[in-house]
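Asks: Before I ask anything, let me first share the structure, which is written out below as structure tokens.
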Amino acid sequence: MAELAIRDALRDAIREQMVIDERVIVMGEDVGAYGGSYGVTKGLLDEFGPERIRDTPISELAFVGAGIGAAIGGLRPIIEIMTINFSFLALDQIINNASKIHYMFGGQVPVPVIIRMASGAGLSLGAQHSHSLEGWFAHIPGLKVVCPSTAGDAKGLLRTAFEDNNPIIFIENTALYGVKGEVPEGDYRVPFGEVRIAREGSDATVIGYSGSVPQALGAADRLAEEDIEAEVLDLRTLQPLDTHGVVESVRKTHRAVVVEHDWRSGGFGAELAARIQELAFDDLDAPVARVAGVEVPMPYSFELEKAALPSEAQVVDAVRAMF
Amino acid sequence: MAELAIRDALRDAIREQMVIDERVIVMGEDVGAYGGSYGVTKGLLDEFGPERIRDTPISELAFVGAGIGAAIGGLRPIIEIMTINFSFLALDQIINNASKIHYMFGGQVPVPVIIRMASGAGLSLGAQHSHSLEGWFAHIPGLKVVCPSTAGDAKGLLRTAFEDNNPIIFIENTALYGVKGEVPEGDYRVPFGEVRIAREGSDATVIGYSGSVPQALGAADRLAEEDIEAEVLDLRTLQPLDTHGVVESVRKTHRAVVVEHDWRSGGFGAELAARIQELAFDDLDAPVARVAGVEVPMPYSFELEKAALPSEAQVVDAVRAMF
Amino acid sequence: MSIEKSVAGIPREELLGLLHKMALIRRFELKAAEMYARGRIKGFLHLYPGQEATGVGLISRLRDDDYIYSHYREHGHALARGLEPKAVMAELFGKVTGVSHGLGGSMHLFDHSRRFMGGYAIVGGQLPLACGTALAIQQLGTDNVTVAIFGDGAVNEGSFHESLNLAAIWRLPVLFVCENNLYGMGTHVSRVTATHDIYRRAEVYGMRSEQVDGMDVLEVRDHVDQALRRIRKHEGPAFIEAMTYRYRGHSMADPEFYREKSEVERWRRQDPINRFKDVLLRADFEEEELEAIDERVDAEVEDAVRFAEQSRFPPIETLTQHVYAPSAADLLETAEAPEPVQAEKREESPDREAGEKASASEHEAA
Amino acid sequence: MSIEKSVAGIPREELLGLLHKMALIRRFELKAAEMYARGRIKGFLHLYPGQEATGVGLISRLRDDDYIYSHYREHGHALARGLEPKAVMAELFGKVTGVSHGLGGSMHLFDHSRRFMGGYAIVGGQLPLACGTALAIQQLGTDNVTVAIFGDGAVNEGSFHESLNLAAIWRLPVLFVCENNLYGMGTHVSRVTATHDIYRRAEVYGMRSEQVDGMDVLEVRDHVDQALRRIRKHEGPAFIEAMTYRYRGHSMADPEFYREKSEVERWRRQDPINRFKDVLLRADFEEEELEAIDERVDAEVEDAVRFAEQSRFPPIETLTQHVYAPSAADLLETAEAPEPVQAEKREESPDREAGEKASASEHEAA
Ligand SMILES: Cc1ncc(C[n+]2csc(CCOP(=O)(O)OP(=O)(O)O)c2C)c(N)n1
Ligand SMILES: Cc1ncc(C[n+]2csc(CCOP(=O)(O)OP(=O)(O)O)c2C)c(N)n1
Ligand SMILES: [Mg+2]
Ligand SMILES: [Mg+2]
């Protein structure tokens, strides 16, 4: 096993796929010589040339739509939207076209496009550059939503995405790009719709995804010092969602806390809370708790931004309050 | 009290406000001679002229953004996005600008813009024209989200919106435009953040908003025949949300069902379920149930569309299952 | 361009074929309006009469391997492309035998086998898609073309600008065809479009662009032909603005407050079908031949209605069938069931139940 | 245009004022880079050196009641407009004394009192806003103007097209200024823009449009002056493309793989500040006068840093303060507390608690 940063694991997956599948192309702003704003596509231009690694104009609506159209035309495009904050400009193509074309035309044509985007806050980028809207995409039927938190999952899930015939929203947390983790060698995949049990435990289930997983794990460490054994689940994909895996864990621990960077009201945590209480009501010793982003446009100032994001301490408190 | 259809109640509110406030203008596609796709602005062009009733190009991003800029410049614009389905093209302006400008510039300037849009399904308009995404907007801090289901509320809430200094997403259900209801004469307002108890009851709380309120009421009628007295709440505004009003009702009835036309996963019902179980866990006799749209792009074919939308019968079943 | 010369250059059968398509579209649309009034067709219905020469002239020059992307006013394009009137009418009726299996409706006709890549209901939304499919063509190295059809209203959308720029810088094999029927819903093009001649907008991207008489099927055909030839030689995208007119309201709900009846009459006087009939008669065609075409399309459209009437609605059980396309992993896991399946294997979705339940239940909305 | 003549026409003090602003911006930006390296400034930082003549020439001709909308590379515009260097630096430091009270940061400078209507970080996102504020001007019947500043990269966004069209059809009092510094991040304008000269794109909307030497403060000033005069006379919007160059990377993170050092050197040789100094020296100005300006800006920037260092961060309790603007109803209900309040009175938001709690807690992200 190699130790790789998430950005490098992603790049490896893309490179390997491009070697074996001519139909794969990469499009996005500055994915070429610049190597992508977060360095994921660095070096690919040299290896695959400007026909397959395409710098686009700053035209999110058109190049995302073109990715969809290219998928319809027989390619397997990987589109990079530099950050999720710019995906608003392309949402019409994602929702009205990518998510619906297979269905509304009676199943005649698949839309195998992967739309990668960087999300998250915590880097002092201010209100317009700090969105975490994973849950929004998971609300749209026809899309699959993938949001890994480790290098191994990043590569394995992307490889699964390559073999999927549906539009995939692949969300990468900006604060995690540099985080290293073990990446298996060779031909492995991580299936969609299976939670990863990031830490086993028996006393409470702490559920995270993307940027909030490290916080969930950190909180579990602290709780262990108090003899509370938290089980930490990394959802990995929000659509499909491993409802079964989540509910199994809660049935065991009787307590659930969701941690997310997104705003609380209507965040994906709401869906989790709703499902858990629907399916495991009698197993719960306490209401499902949510530790989430404060509902403010993200402030630039450093301490304010910290205060707007969930913290390990809040997770610890939320779990503690259930005993 | 006059009996008015919702579209007429809305028009009256706009007309009255335009008479007393010169700063109010209306902008949107075909709001002039055509009278708006759903007839809300009919006749206003004749009364107020093309300077104040402005037909726009089919440029949602620009005219919504221009509405925001006009609000900043001292007007009180009412923007009509013909339907919520086209709002995707303007979401960048709504989210990255309207919802954030007041905050991210330190509270220096308010953004008093009203963005009206028609939402909902049930009219055989197919996958790209049948969205109900009220909950999406309610997820964004800085926006207020209003979605009346009666003519009296439509007018009263719009009048409150006129006096609000924030961006208001005002969502009108297409299937309800023609529904008549009593509208008080004169100078009345309906406050934001107060549920309407559409029917009192003691045995279960059925919560609807916008297009789902009539179904909630229909289900309550049927349940009454079985001696189950359902209390029906019409949320009226999703942001601010009257959490208190909802929880009070559930504390009384011990059972809650949310009805919504939007897709189930991540719909606003998830937020309601999450909050209710957070705040009234011990009062609940059963998990909060959700009756919502089936997670498919809306099919055109009539019976399929019916099957994709929630029904009275499903609400009845959901309540019955709690006893 | 001299019409006679074109007539001379084009084989008889082809000329009659053009007339047939135009007449078929006209007849089909009038029948659709009737079926709408009778409640057989629901939702929005946008009809094509007046514009037949544009669609037919354009599509007559396409090869089988060319792609077409259109908007919601696309019945004419679909029929011109050879989609069966039966299957198109069945789609409008919401029947499972429809071209989109009843899931699409009037605004979303699609036929992959004919590379008719869909009607789209978001103004301008098909333009980026067309660029993308053209990119696929370019990568695959073939000489086919993607055609994007849209209205005058679409040219003020951001997607128009972004798509034209993208096509131009990458020299994509796209033919952009703007059907300028002077109105976007009730708004005259001149009130919302700062550029007097729309085709000039395309020139600014360094694209070949021209304006044609969209009421003259031979003129459209000829200009399309030249444009396609250049595109197939990898000279990059091209743009055609066809000047035309819709006789009917924007959709069935349109009260047409925004234009004078006399304006419609004026345009009707240069009706594309009548004009073309005149051309044919002035050449060596017989009245009877042309009348035979009218009779033929009457029968075709009657057949189409009968077929649509007699077809079934899609079974309620299929409601969730095509949300996701099957993928390798799904097929593996369901080796015993090779039918398309939803992808989330492990998901115990309460919605599926809801979907099934709903089939038996009643629905009150609208 | 002859430079000498302009110098002749412009009062001494004004000329020195132009130089002062350019020098201030240059100095300020270099200091900001230094403070970024020292961790005092975080996030993205986009600097302006090389482009000073454009911003200063442009803004020098605006009246107090004109509005400016800019993008994220806006420090220069803010300083040119007269925002205090102290308050701008404090904003970069995230301090409560910043122009946006620390909530905005480098990309979101704002000063309502100077009608500096913000830096925006979504490429092209400020253009519709500028149109809207110009519409307000038009409705209110005054003769002030809204200026929208953006880069060459923004011209391929849909918002560009939609905004120019809207401004043109409604004859809005907007001056569009494109600072063409040849790159959008690492992408040269020619690789993504199908129109060779950007200013020609504006012409297609029937708008007056021209290209100017953005490294020549007097040329910019003169052309802006003429454009503003026409706009104030209600002749509709105008467009200026200023050819310029950024010396530094796109942001602090840019490794600049995409251009040669020699290209940067070539542009530096026509540095706008040096060029303008030469002009002044060739006229009757003394070396010492110009050096005094350098000293003055050194002091101003040192002051700014000191001020920013010494200012407080916004108190954590204010985290949720400005999410909603106060409205009539709120003021009524909170007559005892006239401070801005959140609007949802009845909402028992668990987030507020979360916000408060967080202040005391630790945060691990990034
Ligand atoms: C993005 C978007 N905005 C608005 C609409 C509503 N709408 C449907 S058709 C139409 C007019 C389009 O006019 P044009 O492009 O000229 O096509 P035509 O109908 O004349 O064929 C409008 C405004 C829409 N479908 N999509
Ligand atoms: C909609 C959007 N897409 C992408 C980005 C990322 N981005 C920030 S600046 C920039 C380049 C813009 O270039 P230009 O407009 O020429 O301005 P310059 O930076 O050269 O001043 C890009 C791509 C963004 N902020 N917004
Ligand atoms: Mg039209
Ligand atoms: Mg640039």
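Each chain in the structure tokens gets a letter, A, B, ..., in the order shown, and its residues are numbered from 1; ligands are numbered from 1 in order too.
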Write out as a PyMOL selection string each polymer residue (protein, DNA or RNA) that has an atom no more than 9 Å from ligand 1, with only C-alpha atoms and all ligand atoms counted.
Replies: (chain A and resi 92) or (chain B and resi 29-30+37+57-60+81-83+85-89+128-129) or (chain C and resi 46-48+71-74+120-125+150-157+178-189+245-246+250-251)
Asks: Could you give me, as CSV, every chain B residue with an atom at most 8 Å from chain D, plus its closest atom pair and distance in Å to one decimal, counting only C-alpha atoms, rows ordered by chain then number?
Replies:
```
residue,atom,partner,partner_atom,distance
B:Glu51,CA,D:Gln139,CA,7.7
B:Thr56,CA,D:Leu166,CA,7.9
B:Pro57,CA,D:Leu166,CA,7.3
B:Ser59,CA,D:Glu162,CA,5.8
B:Leu61,CA,D:Ser159,CA,6.5
B:Ala62,CA,D:Pro128,CA,4.8
B:Phe63,CA,D:Pro128,CA,7.0
B:Val64,CA,D:Pro128,CA,7.7
B:Gly65,CA,D:Pro128,CA,4.6
B:Ala66,CA,D:Gly132,CA,3.6
B:Gly67,CA,D:Gly132,CA,5.7
B:Ile68,CA,D:Leu129,CA,6.2
B:Gly69,CA,D:Leu129,CA,4.0
B:Ala70,CA,D:Gly132,CA,4.2
B:Ala71,CA,D:Thr133,CA,7.4
B:Ile72,CA,D:Thr133,CA,6.5
B:Gly73,CA,D:Thr133,CA,4.7
B:Gly74,CA,D:Ala136,CA,6.5
B:Leu75,CA,D:Ala136,CA,6.0
B:Asp92,CA,D:Gly125,CA,7.8
B:Gln93,CA,D:Gly125,CA,6.9
B:Asn96,CA,D:Ile122,CA,7.7
B:Asn97,CA,D:Gly125,CA,7.8
B:Lys100,CA,D:Val323,CA,7.7
B:His102,CA,D:His322,CA,6.6
B:Tyr103,CA,D:His322,CA,4.8
B:Met104,CA,D:Gly104,CA,4.8
B:Phe105,CA,D:Ser100,CA,4.6
B:Gly106,CA,D:Ser100,CA,4.7
B:Gly107,CA,D:His322,CA,5.4
B:Gln108,CA,D:His112,CA,6.4
B:Val109,CA,D:His112,CA,7.2
B:Pro110,CA,D:Ala325,CA,5.8
B:Pro141,CA,D:Val323,CA,6.8
B:Gly142,CA,D:Val323,CA,5.2
B:Glu163,CA,D:Ala328,CA,6.2
B:Asp164,CA,D:Ser327,CA,4.9
B:Asn165,CA,D:Ser327,CA,5.2
B:Asn166,CA,D:Ala325,CA,6.1
B:Phe192,CA,D:Glu344,CA,7.9
B:Gly193,CA,D:Arg346,CA,6.4
B:Glu194,CA,D:Arg346,CA,7.6
B:Gln239,CA,D:Glu344,CA,7.7
B:Pro240,CA,D:Glu344,CA,5.0
B:Leu241,CA,D:Glu347,CA,6.1
B:Asp242,CA,D:Glu347,CA,5.8
B:Thr243,CA,D:Glu347,CA,5.8
B:His244,CA,D:Arg346,CA,6.7
```
Asks: Show me, as a PyMOL selection string, the residues that have an atom within 12 Å of Gly122 of chain A when counting only C-alpha atoms, minus same-chain residues fewer than 4 positions from it.
Replies: (chain A and resi 126-127+129-132+173-176+211-212+261-262+293+298-311) or (chain D and resi 42-43+363-366)
Asks: Going by DSSP on the backbone, which residues of segment 163-270 of chain B come out as alpha helix (DSSP H)? List them as a list in words.
Replies: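 Of segment 163-270 of chain B, the ones in alpha helix (DSSP H) are Val213, Pro214, Gln215, Ala216, Leu217, Gly218, Ala219, Ala220, Asp221, Arg222, Leu223, Ala224, Glu225, Thr243, His244, Gly245, Val246, Val247, Glu248, Ser249, Val250, Arg251, Lys252, Thr253, Phe268, Gly269 and Ala270 of chain B.
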Asks: Just the number, please: distance in Å from atom CA of Glu287 of chain D to atom CA of Gly17 of chain D, one decimal.
Replies: 15.5 Å
Asks: Kindly indicate which residue among D:Glu13, D:Glu241, D:Asp271, D:Asp65 lies nearest to ligand 2, using only C-alpha atoms and all ligand atoms for the distances.
Replies: D:Glu241
Asks: Extract, using only C-alpha atoms, all DNA, RNA and protein residues at most 7 Å from Gln211 of chain C, discarding same-chain residues fewer than 2 positions from it, and format them as number ranges by chain.
Replies: C: 199, 240-242
Asks: From segment 14-235 of chain D, collect each residue whose DSSP state is strand (DSSP E or B) and return the set as a PyMOL selection string.
Replies: chain D and resi 67-71+111+116-120+146-151+174-180+183-184+187-188+208-213
Asks: Identify, on the basis of only C-alpha atoms, every residue whose closest approach to segment 300-303 of chain C does not exceed 8 Å; exclude the query and any residue fewer than 3 positions from it along the same chain; express the result as a list of chain:residue names.
Replies: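 Near segment 300-303 of chain C, the qualifying residues are C:Leu24, C:Arg27, C:Phe28, C:Lys31, C:Pro85, C:Lys86, C:Arg296, C:Val297, C:Arg306, C:Phe307.
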Asks: Nearest to ligand 3: which of C:Thr193, C:Asn144, C:Gln310, C:Ser60 is it, counting only C-alpha atoms and all ligand atoms?
Replies: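 For ligand 3, the nearest of the candidates is C:Thr193.
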Asks: Which value, in Å to one decimal, gives the distance between atom CA of Ile115 of chain B and atom CA of Ile171 of chain B?
Replies: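 These two atoms are separated by 8.3 Å.
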Asks: Would you mind listing what lies within 8 Å of Gly208 of chain A as number ranges by chain, with only C-alpha atoms counted and same-chain residues fewer than 5 positions away left out?
Replies: A: 213, 216, 232-235, 258-260
Asks: Show me, as a CSV table (one decimal) with N, CA and C atoms, in the first residue's frame, the residues that have an atom within 8 Å of Arg208 of chain D when counting only C-alpha atoms, minus same-chain residues fewer than 3 positions from it.
Replies:
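Below you can see around.csv, which holds the result:
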```csv
chain,number,residue,atom,x,y,z
D,202,ALA,N,-18.7,44.0,-27.5
D,202,ALA,CA,-19.7,45.0,-27.0
D,202,ALA,C,-20.4,45.6,-28.2
D,203,GLU,N,-19.6,45.8,-29.3
D,203,GLU,CA,-20.2,46.5,-30.4
D,203,GLU,C,-21.5,45.8,-31.0
D,237,PRO,N,-25.3,52.7,-22.5
D,237,PRO,CA,-24.1,52.2,-21.9
D,237,PRO,C,-22.9,52.3,-22.9
D,238,ALA,N,-21.7,52.2,-22.3
D,238,ALA,CA,-20.5,52.2,-23.1
D,238,ALA,C,-19.5,51.2,-22.6
D,239,PHE,N,-18.5,50.9,-23.4
D,239,PHE,CA,-17.6,49.8,-23.1
D,239,PHE,C,-16.2,50.2,-23.3
```
Asks: Using only C-alpha atoms and all ligand atoms, can you tell me which of C:Val212, C:Ala90, C:Ile149, C:Val204 comes closest to ligand 3?
Replies: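 Answer, going by the shortest atom-to-atom distance: C:Ile149.
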